[in-house]
$ cat start_14.cif   # mmCIF, C-alpha atoms and all ligand atoms
data_query
#
loop_
_atom_site.group_PDB
_atom_site.id
_atom_site.type_symbol
_atom_site.label_atom_id
_atom_site.label_comp_id
_atom_site.auth_asym_id
_atom_site.auth_seq_id
_atom_site.Cartn_x
_atom_site.Cartn_y
_atom_site.Cartn_z
ATOM 1 C CA MET A 535 150.387 113.261 87.816
ATOM 2 C CA ARG A 536 149.374 109.596 87.906
ATOM 3 C CA ARG A 537 146.762 110.167 90.596
ATOM 4 C CA THR A 538 145.244 113.171 88.827
ATOM 5 C CA PHE A 539 145.206 111.252 85.532
ATOM 6 C CA GLU A 540 143.248 108.459 87.212
ATOM 7 C CA ALA A 541 140.774 111.019 88.539
ATOM 8 C CA LEU A 542 140.483 112.454 85.028
ATOM 9 C CA THR A 543 139.704 109.047 83.503
ATOM 10 C CA ARG A 544 137.003 108.427 86.112
ATOM 11 C CA LEU A 545 135.380 111.809 85.472
ATOM 12 C CA VAL A 546 135.433 111.579 81.667
ATOM 13 C CA GLY A 547 134.670 107.853 81.605
ATOM 14 C CA GLY A 548 131.350 108.616 83.313
ATOM 15 C CA GLY A 549 130.159 110.348 80.130
ATOM 16 C CA ASP A 550 127.890 113.351 79.516
ATOM 17 C CA VAL A 551 130.962 115.568 79.341
ATOM 18 C CA VAL A 552 131.011 119.036 77.767
ATOM 19 C CA VAL A 553 134.401 120.110 76.418
ATOM 20 C CA LEU A 554 135.536 123.738 76.509
ATOM 21 C CA SER A 555 138.723 124.151 74.463
ATOM 22 C CA GLY A 556 141.144 127.010 73.926
ATOM 23 C CA ALA A 557 144.306 127.966 72.060
ATOM 24 C CA GLY A 558 146.475 125.518 74.010
ATOM 25 C CA LEU A 559 144.818 122.638 72.175
ATOM 26 C CA SER A 560 146.064 123.946 68.826
ATOM 27 C CA THR A 561 149.665 124.789 69.736
ATOM 28 C CA GLU A 562 150.774 121.298 68.702
ATOM 29 C CA SER A 563 149.246 122.039 65.285
ATOM 30 C CA GLY A 564 151.703 124.916 64.900
ATOM 31 C CA ILE A 565 149.378 127.711 65.997
ATOM 32 C CA PRO A 566 151.053 129.430 68.965
ATOM 33 C CA ASP A 567 149.068 130.286 72.081
ATOM 34 C CA TYR A 568 149.963 133.873 72.840
ATOM 35 C CA ARG A 569 148.741 133.517 76.423
ATOM 36 C CA GLY A 570 150.216 130.117 77.163
ATOM 37 C CA PRO A 571 153.699 129.124 78.234
ATOM 38 C CA SER A 572 155.033 128.665 74.696
ATOM 39 C CA GLY A 573 153.659 131.847 73.229
ATOM 40 C CA ALA A 574 154.682 134.395 75.846
ATOM 41 C CA ALA A 575 153.297 137.809 75.043
ATOM 42 C CA ARG A 576 152.381 138.732 71.501
ATOM 43 C CA ARG A 577 154.370 141.614 70.070
ATOM 44 C CA HIS A 578 151.439 143.815 69.232
ATOM 45 C CA THR A 579 148.075 144.259 70.886
ATOM 46 C CA PRO A 580 145.169 142.322 69.363
ATOM 47 C CA MET A 581 142.935 144.115 66.912
ATOM 48 C CA THR A 582 139.790 145.489 68.526
ATOM 49 C CA TYR A 583 136.444 145.723 66.779
ATOM 50 C CA GLN A 584 136.466 149.488 67.350
ATOM 51 C CA ALA A 585 139.881 149.952 65.685
ATOM 52 C CA PHE A 586 139.017 147.601 62.833
ATOM 53 C CA THR A 587 135.771 149.349 61.932
ATOM 54 C CA GLY A 588 136.832 152.911 62.813
ATOM 55 C CA ASP A 589 140.387 153.195 61.517
ATOM 56 C CA PRO A 590 141.153 152.435 57.830
ATOM 57 C CA GLU A 591 144.892 152.126 58.558
ATOM 58 C CA ALA A 592 144.271 149.608 61.336
ATOM 59 C CA ARG A 593 142.035 147.668 58.956
ATOM 60 C CA ARG A 594 144.700 147.701 56.233
ATOM 61 C CA ARG A 595 147.298 146.512 58.745
ATOM 62 C CA TYR A 596 144.988 143.727 59.904
ATOM 63 C CA TRP A 597 144.249 142.425 56.412
ATOM 64 C CA ALA A 598 147.884 142.644 55.263
ATOM 65 C CA ARG A 599 148.999 140.558 58.236
ATOM 66 C CA SER A 600 146.019 138.263 58.085
ATOM 67 C CA HIS A 601 146.471 137.723 54.333
ATOM 68 C CA LEU A 602 149.815 136.094 55.125
ATOM 69 C CA GLY A 603 148.783 134.461 58.395
ATOM 70 C CA TRP A 604 145.761 132.815 56.816
ATOM 71 C CA ARG A 605 147.975 130.563 54.701
ATOM 72 C CA LEU A 606 149.609 129.150 57.807
ATOM 73 C CA ILE A 607 146.260 128.633 59.528
ATOM 74 C CA ALA A 608 144.790 127.040 56.383
ATOM 75 C CA ARG A 609 147.688 124.587 56.264
ATOM 76 C CA ALA A 610 147.392 123.603 59.947
ATOM 77 C CA ALA A 611 146.182 120.048 60.601
ATOM 78 C CA PRO A 612 144.474 118.628 63.688
ATOM 79 C CA ASN A 613 146.791 117.045 66.257
ATOM 80 C CA GLY A 614 146.458 114.057 68.582
ATOM 81 C CA GLY A 615 144.530 116.188 71.086
ATOM 82 C CA HIS A 616 141.806 117.116 68.571
ATOM 83 C CA ARG A 617 141.587 113.507 67.400
ATOM 84 C CA ALA A 618 141.287 112.257 70.983
ATOM 85 C CA VAL A 619 138.346 114.624 71.600
ATOM 86 C CA ALA A 620 136.667 113.279 68.440
ATOM 87 C CA ARG A 621 137.212 109.720 69.718
ATOM 88 C CA LEU A 622 135.626 110.614 73.074
ATOM 89 C CA GLN A 623 132.680 112.131 71.214
ATOM 90 C CA HIS A 624 132.236 109.123 68.916
ATOM 91 C CA ALA A 625 132.406 106.831 71.946
ATOM 92 C CA GLY A 626 129.374 108.688 73.315
ATOM 93 C CA LEU A 627 131.204 110.216 76.282
ATOM 94 C CA VAL A 628 131.190 113.828 75.089
ATOM 95 C CA ARG A 629 127.786 115.441 74.610
ATOM 96 C CA GLY A 630 129.026 118.823 73.402
ATOM 97 C CA ILE A 631 132.123 120.743 72.355
ATOM 98 C CA ILE A 632 132.535 124.480 72.850
ATOM 99 C CA THR A 633 135.720 125.980 71.435
ATOM 100 C CA GLN A 634 137.276 129.399 71.721
ATOM 101 C CA ASN A 635 139.461 128.549 68.720
ATOM 102 C CA VAL A 636 138.703 129.921 65.269
ATOM 103 C CA ASP A 637 140.843 127.396 63.369
ATOM 104 C CA GLY A 638 138.169 124.748 62.671
ATOM 105 C CA LEU A 639 140.502 121.934 63.772
ATOM 106 C CA HIS A 640 137.951 120.125 65.998
ATOM 107 C CA THR A 641 135.702 119.601 62.987
ATOM 108 C CA ALA A 642 138.679 118.732 60.779
ATOM 109 C CA ALA A 643 139.530 116.013 63.327
ATOM 110 C CA GLY A 644 136.071 114.463 62.971
ATOM 111 C CA SER A 645 134.075 116.094 65.754
ATOM 112 C CA THR A 646 130.509 117.166 64.990
ATOM 113 C CA GLY A 647 128.208 119.896 66.277
ATOM 114 C CA VAL A 648 131.095 122.003 67.565
ATOM 115 C CA VAL A 649 129.976 125.371 68.983
ATOM 116 C CA GLU A 650 132.557 127.854 67.738
ATOM 117 C CA LEU A 651 132.239 130.533 70.401
ATOM 118 C CA HIS A 652 134.431 133.087 68.625
ATOM 119 C CA GLY A 653 133.498 132.169 65.060
ATOM 120 C CA ARG A 654 135.591 130.732 62.256
ATOM 121 C CA LEU A 655 138.482 132.304 60.447
ATOM 122 C CA ASP A 656 137.602 130.604 57.173
ATOM 123 C CA GLU A 657 134.436 132.663 56.762
ATOM 124 C CA VAL A 658 134.156 136.360 55.928
ATOM 125 C CA VAL A 659 131.142 138.582 56.643
ATOM 126 C CA CYS A 660 130.103 141.887 55.052
ATOM 127 C CA LEU A 661 129.272 144.401 57.794
ATOM 128 C CA ASN A 662 126.842 146.179 55.444
ATOM 129 C CA CYS A 663 124.737 143.480 53.755
ATOM 130 C CA GLY A 664 125.635 140.540 56.011
ATOM 131 C CA ASN A 665 126.677 138.327 53.093
ATOM 132 C CA LEU A 666 128.926 135.436 54.133
ATOM 133 C CA THR A 667 131.711 134.308 51.812
ATOM 134 C CA SER A 668 134.532 131.859 52.103
ATOM 135 C CA ARG A 669 138.010 132.939 53.049
ATOM 136 C CA GLU A 670 139.334 131.151 49.953
ATOM 137 C CA GLU A 671 137.269 133.493 47.787
ATOM 138 C CA LEU A 672 138.572 136.555 49.630
ATOM 139 C CA ASP A 673 142.101 135.200 49.462
ATOM 140 C CA ARG A 674 141.810 135.010 45.676
ATOM 141 C CA ARG A 675 140.529 138.591 45.485
ATOM 142 C CA LEU A 676 143.268 139.900 47.806
ATOM 143 C CA ARG A 677 145.936 138.173 45.714
ATOM 144 C CA GLU A 678 144.525 139.806 42.574
ATOM 145 C CA ALA A 679 144.434 143.226 44.274
ATOM 146 C CA ASN A 680 148.000 142.826 45.549
ATOM 147 C CA PRO A 681 150.135 141.193 42.864
ATOM 148 C CA GLY A 682 153.658 140.616 44.108
ATOM 149 C CA PHE A 683 152.817 141.367 47.703
ATOM 150 C CA ALA A 684 155.381 139.486 49.698
ATOM 151 C CA ALA A 685 156.673 139.963 53.169
ATOM 152 C CA ARG A 686 158.491 137.744 55.555
ATOM 153 C CA VAL A 687 156.183 135.836 57.863
ATOM 154 C CA THR A 688 157.807 135.756 61.255
ATOM 155 C CA GLU A 689 155.066 134.505 63.490
ATOM 156 C CA VAL A 690 151.429 133.549 63.309
ATOM 157 C CA ASN A 691 149.012 134.153 66.158
ATOM 158 C CA PRO A 692 145.877 132.166 67.015
ATOM 159 C CA ASP A 693 143.679 134.675 65.217
ATOM 160 C CA GLY A 694 145.586 134.257 61.975
ATOM 161 C CA ASP A 695 147.570 137.429 62.385
ATOM 162 C CA VAL A 696 151.309 137.728 61.625
ATOM 163 C CA ASP A 697 153.973 140.227 62.551
ATOM 164 C CA LEU A 698 154.692 142.523 59.625
ATOM 165 C CA PRO A 699 156.760 145.726 59.381
ATOM 166 C CA ASP A 700 154.835 148.948 58.695
ATOM 167 C CA GLU A 701 156.556 149.562 55.366
ATOM 168 C CA ALA A 702 155.221 146.249 54.080
ATOM 169 C CA VAL A 703 151.692 147.151 55.172
ATOM 170 C CA ASN A 704 151.508 150.563 53.546
ATOM 171 C CA GLY A 705 151.069 149.410 49.976
ATOM 172 C CA PHE A 706 148.509 146.731 50.765
ATOM 173 C CA ARG A 707 145.109 147.154 49.088
ATOM 174 C CA ILE A 708 142.024 145.874 50.884
ATOM 175 C CA VAL A 709 138.835 144.917 49.041
ATOM 176 C CA ASP A 710 135.168 145.539 49.830
ATOM 177 C CA CYS A 711 132.147 143.247 49.614
ATOM 178 C CA GLY A 712 131.668 141.719 46.171
ATOM 179 C CA ILE A 713 127.869 141.584 46.590
ATOM 180 C CA CYS A 714 126.802 145.068 47.761
ATOM 181 C CA GLY A 715 129.978 146.655 46.432
ATOM 182 C CA THR A 716 130.703 148.983 49.344
ATOM 183 C CA GLY A 717 130.445 146.951 52.549
ATOM 184 C CA MET A 718 133.386 146.499 54.855
ATOM 185 C CA LEU A 719 134.585 142.890 55.051
ATOM 186 C CA LYS A 720 135.528 141.296 58.356
ATOM 187 C CA PRO A 721 136.543 137.748 59.193
ATOM 188 C CA ASP A 722 133.505 136.132 60.848
ATOM 189 C CA VAL A 723 135.261 135.923 64.193
ATOM 190 C CA VAL A 724 134.598 137.765 67.434
ATOM 191 C CA PHE A 725 137.204 140.490 67.879
ATOM 192 C CA PHE A 726 138.365 141.888 71.192
ATOM 193 C CA GLY A 727 135.820 144.540 72.205
ATOM 194 C CA GLU A 728 133.027 142.657 70.468
ATOM 195 C CA THR A 729 130.473 140.427 72.164
ATOM 196 C CA VAL A 730 129.662 136.848 71.247
ATOM 197 C CA PRO A 731 126.144 136.654 69.691
ATOM 198 C CA ALA A 732 123.632 136.074 72.515
ATOM 199 C CA PRO A 733 121.985 132.930 71.038
ATOM 200 C CA ARG A 734 125.417 131.288 70.768
ATOM 201 C CA VAL A 735 126.156 132.085 74.433
ATOM 202 C CA ALA A 736 122.736 130.714 75.421
ATOM 203 C CA ASP A 737 123.475 127.469 73.543
ATOM 204 C CA CYS A 738 126.717 127.103 75.478
ATOM 205 C CA PHE A 739 125.092 127.736 78.864
ATOM 206 C CA ALA A 740 122.405 125.166 77.997
ATOM 207 C CA LEU A 741 125.077 122.596 77.136
ATOM 208 C CA VAL A 742 127.000 123.252 80.340
ATOM 209 C CA GLU A 743 123.892 123.150 82.539
ATOM 210 C CA ARG A 744 122.944 119.697 81.260
ATOM 211 C CA ALA A 745 126.470 118.297 81.552
ATOM 212 C CA ARG A 746 127.590 115.781 84.147
ATOM 213 C CA ALA A 747 131.126 117.202 83.927
ATOM 214 C CA VAL A 748 132.954 120.015 82.152
ATOM 215 C CA LEU A 749 136.373 119.317 80.626
ATOM 216 C CA VAL A 750 138.528 122.391 79.953
ATOM 217 C CA LEU A 751 141.294 121.763 77.410
ATOM 218 C CA GLY A 752 144.143 124.145 76.669
ATOM 219 C CA SER A 753 142.603 127.309 78.000
ATOM 220 C CA SER A 754 144.076 129.522 80.694
ATOM 221 C CA LEU A 755 140.500 130.819 81.221
ATOM 222 C CA THR A 756 141.904 134.326 81.177
ATOM 223 C CA VAL A 757 138.993 135.897 79.335
ATOM 224 C CA MET A 758 135.478 135.937 80.720
ATOM 225 C CA SER A 759 134.168 134.752 77.352
ATOM 226 C CA GLY A 760 135.116 131.180 78.294
ATOM 227 C CA ARG A 761 135.531 131.434 82.063
ATOM 228 C CA ARG A 762 131.832 132.252 82.609
ATOM 229 C CA PHE A 763 130.901 128.692 81.612
ATOM 230 C CA VAL A 764 133.242 127.259 84.235
ATOM 231 C CA ILE A 765 131.788 129.633 86.826
ATOM 232 C CA ARG A 766 128.267 128.479 85.904
ATOM 233 C CA ALA A 767 129.255 124.821 86.204
ATOM 234 C CA VAL A 768 130.838 125.399 89.610
ATOM 235 C CA LYS A 769 127.720 127.240 90.836
ATOM 236 C CA LEU A 770 125.595 124.256 89.796
ATOM 237 C CA GLY A 771 127.927 121.777 91.481
ATOM 238 C CA ILE A 772 129.024 120.251 88.147
ATOM 239 C CA PRO A 773 132.605 118.963 88.442
ATOM 240 C CA VAL A 774 135.237 120.678 86.279
ATOM 241 C CA ALA A 775 138.406 118.995 85.009
ATOM 242 C CA ILE A 776 141.193 121.074 83.460
ATOM 243 C CA VAL A 777 143.977 119.787 81.209
ATOM 244 C CA ASN A 778 146.396 122.583 80.376
ATOM 245 C CA GLN A 779 150.084 123.394 80.253
ATOM 246 C CA GLY A 780 150.570 125.847 83.079
ATOM 247 C CA PRO A 781 148.178 127.302 85.630
ATOM 248 C CA THR A 782 144.712 128.577 84.735
ATOM 249 C CA ARG A 783 142.289 130.972 86.356
ATOM 250 C CA GLY A 784 139.943 128.053 86.971
ATOM 251 C CA ASP A 785 142.346 125.869 88.957
ATOM 252 C CA GLY A 786 140.876 126.934 92.306
ATOM 253 C CA HIS A 787 137.449 125.650 91.239
ATOM 254 C CA ALA A 788 138.527 122.479 89.461
ATOM 255 C CA THR A 789 137.889 118.962 90.731
ATOM 256 C CA VAL A 790 140.887 117.709 88.724
ATOM 257 C CA THR A 791 143.757 119.575 87.079
ATOM 258 C CA VAL A 792 146.320 117.887 84.843
ATOM 259 C CA ASP A 793 149.298 120.025 83.831
ATOM 260 C CA GLY A 794 150.844 118.439 80.746
ATOM 261 C CA PRO A 795 151.043 118.387 76.947
ATOM 262 C CA LEU A 796 147.557 117.854 75.543
ATOM 263 C CA GLY A 797 148.891 115.830 72.620
ATOM 264 C CA GLU A 798 150.027 113.211 75.144
ATOM 265 C CA VAL A 799 147.428 113.431 77.911
ATOM 266 C CA LEU A 800 144.343 113.322 75.676
ATOM 267 C CA PRO A 801 145.259 110.308 73.507
ATOM 268 C CA ALA A 802 146.150 108.436 76.723
ATOM 269 C CA LEU A 803 142.775 109.435 78.164
ATOM 270 C CA ALA A 804 140.935 108.315 75.020
ATOM 271 C CA ASP A 805 142.835 104.997 75.027
ATOM 272 C CA ARG A 806 141.630 104.368 78.563
ATOM 273 C CA VAL A 807 137.985 105.361 78.291
ATOM 274 C CA ALA A 808 137.021 105.326 74.586
ATOM 275 C CA GLY A 809 138.573 102.079 73.411
ATOM 276 C CA PRO A 810 141.020 101.635 70.542
ATOM 277 C CA ALA A 811 141.481 104.401 67.955
ATOM 278 C CA THR A 812 139.342 104.022 64.850
ATOM 279 C CA PRO A 813 140.992 104.864 61.529
ATOM 280 C CA VAL A 814 139.695 108.139 60.066
ATOM 281 C CA GLY A 815 136.827 107.450 57.684
ATOM 282 C CA LEU A 816 135.711 104.305 59.483
ATOM 283 C CA VAL A 817 133.975 106.001 62.398
ATOM 284 C CA VAL A 818 130.486 104.539 62.701
ATOM 285 C CA GLY A 819 127.570 105.510 64.924
ATOM 286 C CA GLY A 820 127.969 105.863 68.647
ATOM 287 C CA ALA A 821 128.031 109.654 68.699
ATOM 288 C CA SER A 822 126.092 111.347 71.438
ATOM 289 C CA ALA A 823 122.833 112.712 70.137
ATOM 290 C CA GLY A 824 123.446 115.864 72.070
HETATM 291 ZN ZN ZN B 1 127.986 143.494 51.295
#
$ encode --input "start_14.cif" --output "structure tokens" --more "lines below"
Ligand SMILES: [Zn+2]
Amino acid sequence: MRRTFEALTRLVGGGDVVVLSGAGLSTESGIPDYRGPSGAARRHTPMTYQAFTGDPEARRRYWARSHLGWRLIARAAPNGGHRAVARLQHAGLVRGIITQNVDGLHTAAGSTGVVELHGRLDEVVCLNCGNLTSREELDRRLREANPGFAARVTEVNPDGDVDLPDEAVNGFRIVDCGICGTGMLKPDVVFFGETVPAPRVADCFALVERARAVLVLGSSLTVMSGRRFVIRAVKLGIPVAIVNQGPTRGDGHATVTVDGPLGEVLPALADRVAGPATPVGLVVGGASAG
């Protein structure tokens, strides 16, 4: 581990790094990674876009679970890994951050210009009129529509979903768009079976193509949505470093792999290459212009 950590510090210390992060970065914030070693397999299959839009019962089930899961996500705070990435960015070593996470914790930790590949759970979009509202606003409306709704939260998944028995779901009332009155509301995140908006993908490819190195954090690179950026980097001869707990589908292509807890590896990395930690609120200048 020591030798690979040294290789990691050399790669990241050279600057012009683009970070690609996944669910494993947020596990230490209490959001389990259903693909990683701690999460094992989730108990139900993830909601697909087709089921969400085509099946009212599936939609009701999603919102009932998500109504509870949202509170846990909203309470989650960035961990040492997120803060270390922000330090690397403020030290001018990281030129871009692409995340597969929908929890907003990179930005909460002080990072700027984060490309949220799969959207953000704290925003809600109307599929009819396209109006964007905050999740807080929807949360208030769902509480009003479901007075006394209470069910035991057993587990929260990275997409803000919880496990909930069917009998608890049946009485749940969903609400429609408050602007057009009839539109179906959906969290502004990319569901399984849905594609990431093309301009967002193009932005990510552009970031990767200009990078001197790509740093994958907490992603098993199982889904093509993130793995394609690693494949592009490898094709262009751009070195790839991976910090993750457990093996990833990119290990065969990586210049450096560090298998360890991100909340320990990343602060140690930042200490080595970004200088001493700056108290939150006192971060000045130094950020990469992009
Ligand atoms: Zn609407």
$ resolve_selection --input "start_14.cif" --expression "the PyMOL selection byres (((chain A and resi 800) around 10) and not hetatm)" --output "mmCIF file with C-alpha atoms, in the coordinates of the input"
data_model
loop_
_atom_site.group_PDB
_atom_site.id
_atom_site.type_symbol
_atom_site.label_atom_id
_atom_site.label_comp_id
_atom_site.auth_asym_id
_atom_site.auth_seq_id
_atom_site.Cartn_x
_atom_site.Cartn_y
_atom_site.Cartn_z
ATOM 1 C CA LEU A 559 144.818 122.638 72.175
ATOM 2 C CA GLY A 614 146.458 114.057 68.582
ATOM 3 C CA GLY A 615 144.530 116.188 71.086
ATOM 4 C CA HIS A 616 141.806 117.116 68.571
ATOM 5 C CA ARG A 617 141.587 113.507 67.400
ATOM 6 C CA ALA A 618 141.287 112.257 70.983
ATOM 7 C CA VAL A 619 138.346 114.624 71.600
ATOM 8 C CA ARG A 621 137.212 109.720 69.718
ATOM 9 C CA LEU A 622 135.626 110.614 73.074
ATOM 10 C CA LEU A 751 141.294 121.763 77.410
ATOM 11 C CA VAL A 777 143.977 119.787 81.209
ATOM 12 C CA GLY A 794 150.844 118.439 80.746
ATOM 13 C CA PRO A 795 151.043 118.387 76.947
ATOM 14 C CA LEU A 796 147.557 117.854 75.543
ATOM 15 C CA GLY A 797 148.891 115.830 72.620
ATOM 16 C CA GLU A 798 150.027 113.211 75.144
ATOM 17 C CA VAL A 799 147.428 113.431 77.911
ATOM 18 C CA PRO A 801 145.259 110.308 73.507
ATOM 19 C CA ALA A 802 146.150 108.436 76.723
ATOM 20 C CA LEU A 803 142.775 109.435 78.164
ATOM 21 C CA ALA A 804 140.935 108.315 75.020
ATOM 22 C CA ASP A 805 142.835 104.997 75.027
ATOM 23 C CA ARG A 806 141.630 104.368 78.563
#
$ closest_residue --input "start_14.cif" --among "A:Gly786, A:Gly780, A:Gly682, A:Gly549" --to "Gln623 of chain A" --atoms "all atoms listed in the file"
A:Gly549
$ closest_atom_pairs --input "start_14.cif" --of "chain A" --to "ligand ZN 1 (chain B)" --cutoff "8 Å" --atoms "all atoms listed in the file" --output "tab-separated table"
residue	atom	partner	partner_atom	distance
A:Val659	CA	B:ZN1	ZN	7.9
A:Cys660	CA	B:ZN1	ZN	4.6
A:Leu661	CA	B:ZN1	ZN	6.7
A:Asn662	CA	B:ZN1	ZN	5.1
A:Cys663	CA	B:ZN1	ZN	4.1
A:Gly664	CA	B:ZN1	ZN	6.0
A:Asn665	CA	B:ZN1	ZN	5.6
A:Asp710	CA	B:ZN1	ZN	7.6
A:Cys711	CA	B:ZN1	ZN	4.5
A:Gly712	CA	B:ZN1	ZN	6.6
A:Ile713	CA	B:ZN1	ZN	5.1
A:Cys714	CA	B:ZN1	ZN	4.0
A:Gly715	CA	B:ZN1	ZN	6.1
A:Thr716	CA	B:ZN1	ZN	6.4
A:Gly717	CA	B:ZN1	ZN	4.4
A:Met718	CA	B:ZN1	ZN	7.1
A:Leu719	CA	B:ZN1	ZN	7.6
$ atom_distance --input "start_14.cif" --atom1 "atom CA of Gly771 of chain A" --atom2 "atom CA of Gly556 of chain A"
22.6 Å
$ closest_residue --input "start_14.cif" --among "A:Leu741, A:Val723, A:Val649, A:Ala702" --to "Arg669 of chain A" --atoms "all atoms listed in the file"
A:Val723
$ residues_around --input "start_14.cif" --residues "Val724 of chain A" --least-positions-apart "2" --cutoff "12 Å" --atoms "only C-alpha atoms" --output "number ranges by chain"
A: 580-584, 586, 634-636, 650-655, 657-659, 693, 720-722, 726-731, 734, 759
$ write_last_selection --input "start_14.cif" --atoms "C-alpha atoms" --output "PDB file, in the coordinates of the input"
ATOM      1  CA  PRO A 580     145.169 142.322  69.363  1.00  0.00           C
ATOM      2  CA  MET A 581     142.935 144.115  66.912  1.00  0.00           C
ATOM      3  CA  THR A 582     139.790 145.489  68.526  1.00  0.00           C
ATOM      4  CA  TYR A 583     136.444 145.723  66.779  1.00  0.00           C
ATOM      5  CA  GLN A 584     136.466 149.488  67.350  1.00  0.00           C
ATOM      6  CA  PHE A 586     139.017 147.601  62.833  1.00  0.00           C
ATOM      7  CA  GLN A 634     137.276 129.399  71.721  1.00  0.00           C
ATOM      8  CA  ASN A 635     139.461 128.549  68.720  1.00  0.00           C
ATOM      9  CA  VAL A 636     138.703 129.921  65.269  1.00  0.00           C
ATOM     10  CA  GLU A 650     132.557 127.854  67.738  1.00  0.00           C
ATOM     11  CA  LEU A 651     132.239 130.533  70.401  1.00  0.00           C
ATOM     12  CA  HIS A 652     134.431 133.087  68.625  1.00  0.00           C
ATOM     13  CA  GLY A 653     133.498 132.169  65.060  1.00  0.00           C
ATOM     14  CA  ARG A 654     135.591 130.732  62.256  1.00  0.00           C
ATOM     15  CA  LEU A 655     138.482 132.304  60.447  1.00  0.00           C
ATOM     16  CA  GLU A 657     134.436 132.663  56.762  1.00  0.00           C
ATOM     17  CA  VAL A 658     134.156 136.360  55.928  1.00  0.00           C
ATOM     18  CA  VAL A 659     131.142 138.582  56.643  1.00  0.00           C
ATOM     19  CA  ASP A 693     143.679 134.675  65.217  1.00  0.00           C
ATOM     20  CA  LYS A 720     135.528 141.296  58.356  1.00  0.00           C
ATOM     21  CA  PRO A 721     136.543 137.748  59.193  1.00  0.00           C
ATOM     22  CA  ASP A 722     133.505 136.132  60.848  1.00  0.00           C
ATOM     23  CA  PHE A 726     138.365 141.888  71.192  1.00  0.00           C
ATOM     24  CA  GLY A 727     135.820 144.540  72.205  1.00  0.00           C
ATOM     25  CA  GLU A 728     133.027 142.657  70.468  1.00  0.00           C
ATOM     26  CA  THR A 729     130.473 140.427  72.164  1.00  0.00           C
ATOM     27  CA  VAL A 730     129.662 136.848  71.247  1.00  0.00           C
ATOM     28  CA  PRO A 731     126.144 136.654  69.691  1.00  0.00           C
ATOM     29  CA  ARG A 734     125.417 131.288  70.768  1.00  0.00           C
ATOM     30  CA  SER A 759     134.168 134.752  77.352  1.00  0.00           C
TER      31      SER A 759
END
$ atom_distance --input "start_14.cif" --atom1 "atom CA of Ala642 of chain A" --atom2 "atom CA of Phe763 of chain A"
24.4 Å
$ atom_distance --input "start_14.cif" --atom1 "atom CA of Ala592 of chain A" --atom2 "atom CA of Ile708 of chain A"
11.3 Å
$ residues_around --input "start_14.cif" --residues "Ser563 of chain A" --least-positions-apart "3" --cutoff "8 Å" --atoms "all atoms listed in the file" --output "ChimeraX atom specification"
/A:560,610-613
$ resolve_selection --input "start_14.cif" --expression "the PyMOL selection byres (((chain A and resi 738) around 10) and not hetatm)" --output "short mmCIF file (atom, residue, chain, number, x, y, z; two decimals) with C-alpha atoms, keeping the file's coordinate frame"
data_model
loop_
_atom_site.label_atom_id
_atom_site.label_comp_id
_atom_site.auth_asym_id
_atom_site.auth_seq_id
_atom_site.Cartn_x
_atom_site.Cartn_y
_atom_site.Cartn_z
CA VAL A 552 131.01 119.04 77.77
CA LEU A 554 135.54 123.74 76.51
CA GLY A 630 129.03 118.82 73.40
CA ILE A 631 132.12 120.74 72.36
CA ILE A 632 132.54 124.48 72.85
CA THR A 633 135.72 125.98 71.44
CA VAL A 649 129.98 125.37 68.98
CA GLU A 650 132.56 127.85 67.74
CA LEU A 651 132.24 130.53 70.40
CA ALA A 732 123.63 136.07 72.52
CA PRO A 733 121.98 132.93 71.04
CA ARG A 734 125.42 131.29 70.77
CA VAL A 735 126.16 132.08 74.43
CA ALA A 736 122.74 130.71 75.42
CA ASP A 737 123.48 127.47 73.54
CA PHE A 739 125.09 127.74 78.86
CA ALA A 740 122.40 125.17 78.00
CA LEU A 741 125.08 122.60 77.14
CA VAL A 742 127.00 123.25 80.34
CA GLU A 743 123.89 123.15 82.54
CA GLY A 760 135.12 131.18 78.29
CA PHE A 763 130.90 128.69 81.61
#
$ resolve_selection --input "start_14.cif" --expression "the PyMOL selection byres (((chain A and resi 537-548) around 9) and not hetatm)" --output "compact mmCIF listing (two decimals) with C-alpha atoms, in the coordinates of the input"
# COMPACT_ATOMS: atom_id res chain seq x y z
CA MET A 535 150.39 113.26 87.82
CA ARG A 536 149.37 109.60 87.91
CA GLY A 549 130.16 110.35 80.13
CA ASP A 550 127.89 113.35 79.52
CA VAL A 551 130.96 115.57 79.34
CA LEU A 622 135.63 110.61 73.07
CA LEU A 627 131.20 110.22 76.28
CA VAL A 628 131.19 113.83 75.09
CA ARG A 746 127.59 115.78 84.15
CA ALA A 747 131.13 117.20 83.93
CA VAL A 748 132.95 120.02 82.15
CA LEU A 749 136.37 119.32 80.63
CA PRO A 773 132.60 118.96 88.44
CA VAL A 774 135.24 120.68 86.28
CA ALA A 775 138.41 119.00 85.01
CA ILE A 776 141.19 121.07 83.46
CA VAL A 777 143.98 119.79 81.21
CA THR A 789 137.89 118.96 90.73
CA VAL A 790 140.89 117.71 88.72
CA THR A 791 143.76 119.58 87.08
CA VAL A 792 146.32 117.89 84.84
CA VAL A 799 147.43 113.43 77.91
CA LEU A 803 142.78 109.44 78.16
CA ALA A 804 140.94 108.32 75.02
CA ARG A 806 141.63 104.37 78.56
CA VAL A 807 137.99 105.36 78.29
CA ALA A 808 137.02 105.33 74.59
$ closest_residue --input "start_14.cif" --among "A:Leu755, A:Ala598, A:Val648, A:Val768" --to "Arg677 of chain A" --atoms "only C-alpha atoms"
A:Ala598
$ axis_aligned_box --input "start_14.cif" --around "segment 729-742 of chain A" --padding-each-side "3 Å" --output "AutoDock Vina command-line options"
--center_x 126.2 --center_y 131.5 --center_z 75.0 --size_x 14.5 --size_y 23.8 --size_z 16.6
$ closest_residue --input "start_14.cif" --among "A:Pro566, A:Val553, A:Gly558, A:His601" --to "Thr782 of chain A" --atoms "only C-alpha atoms"
A:Gly558
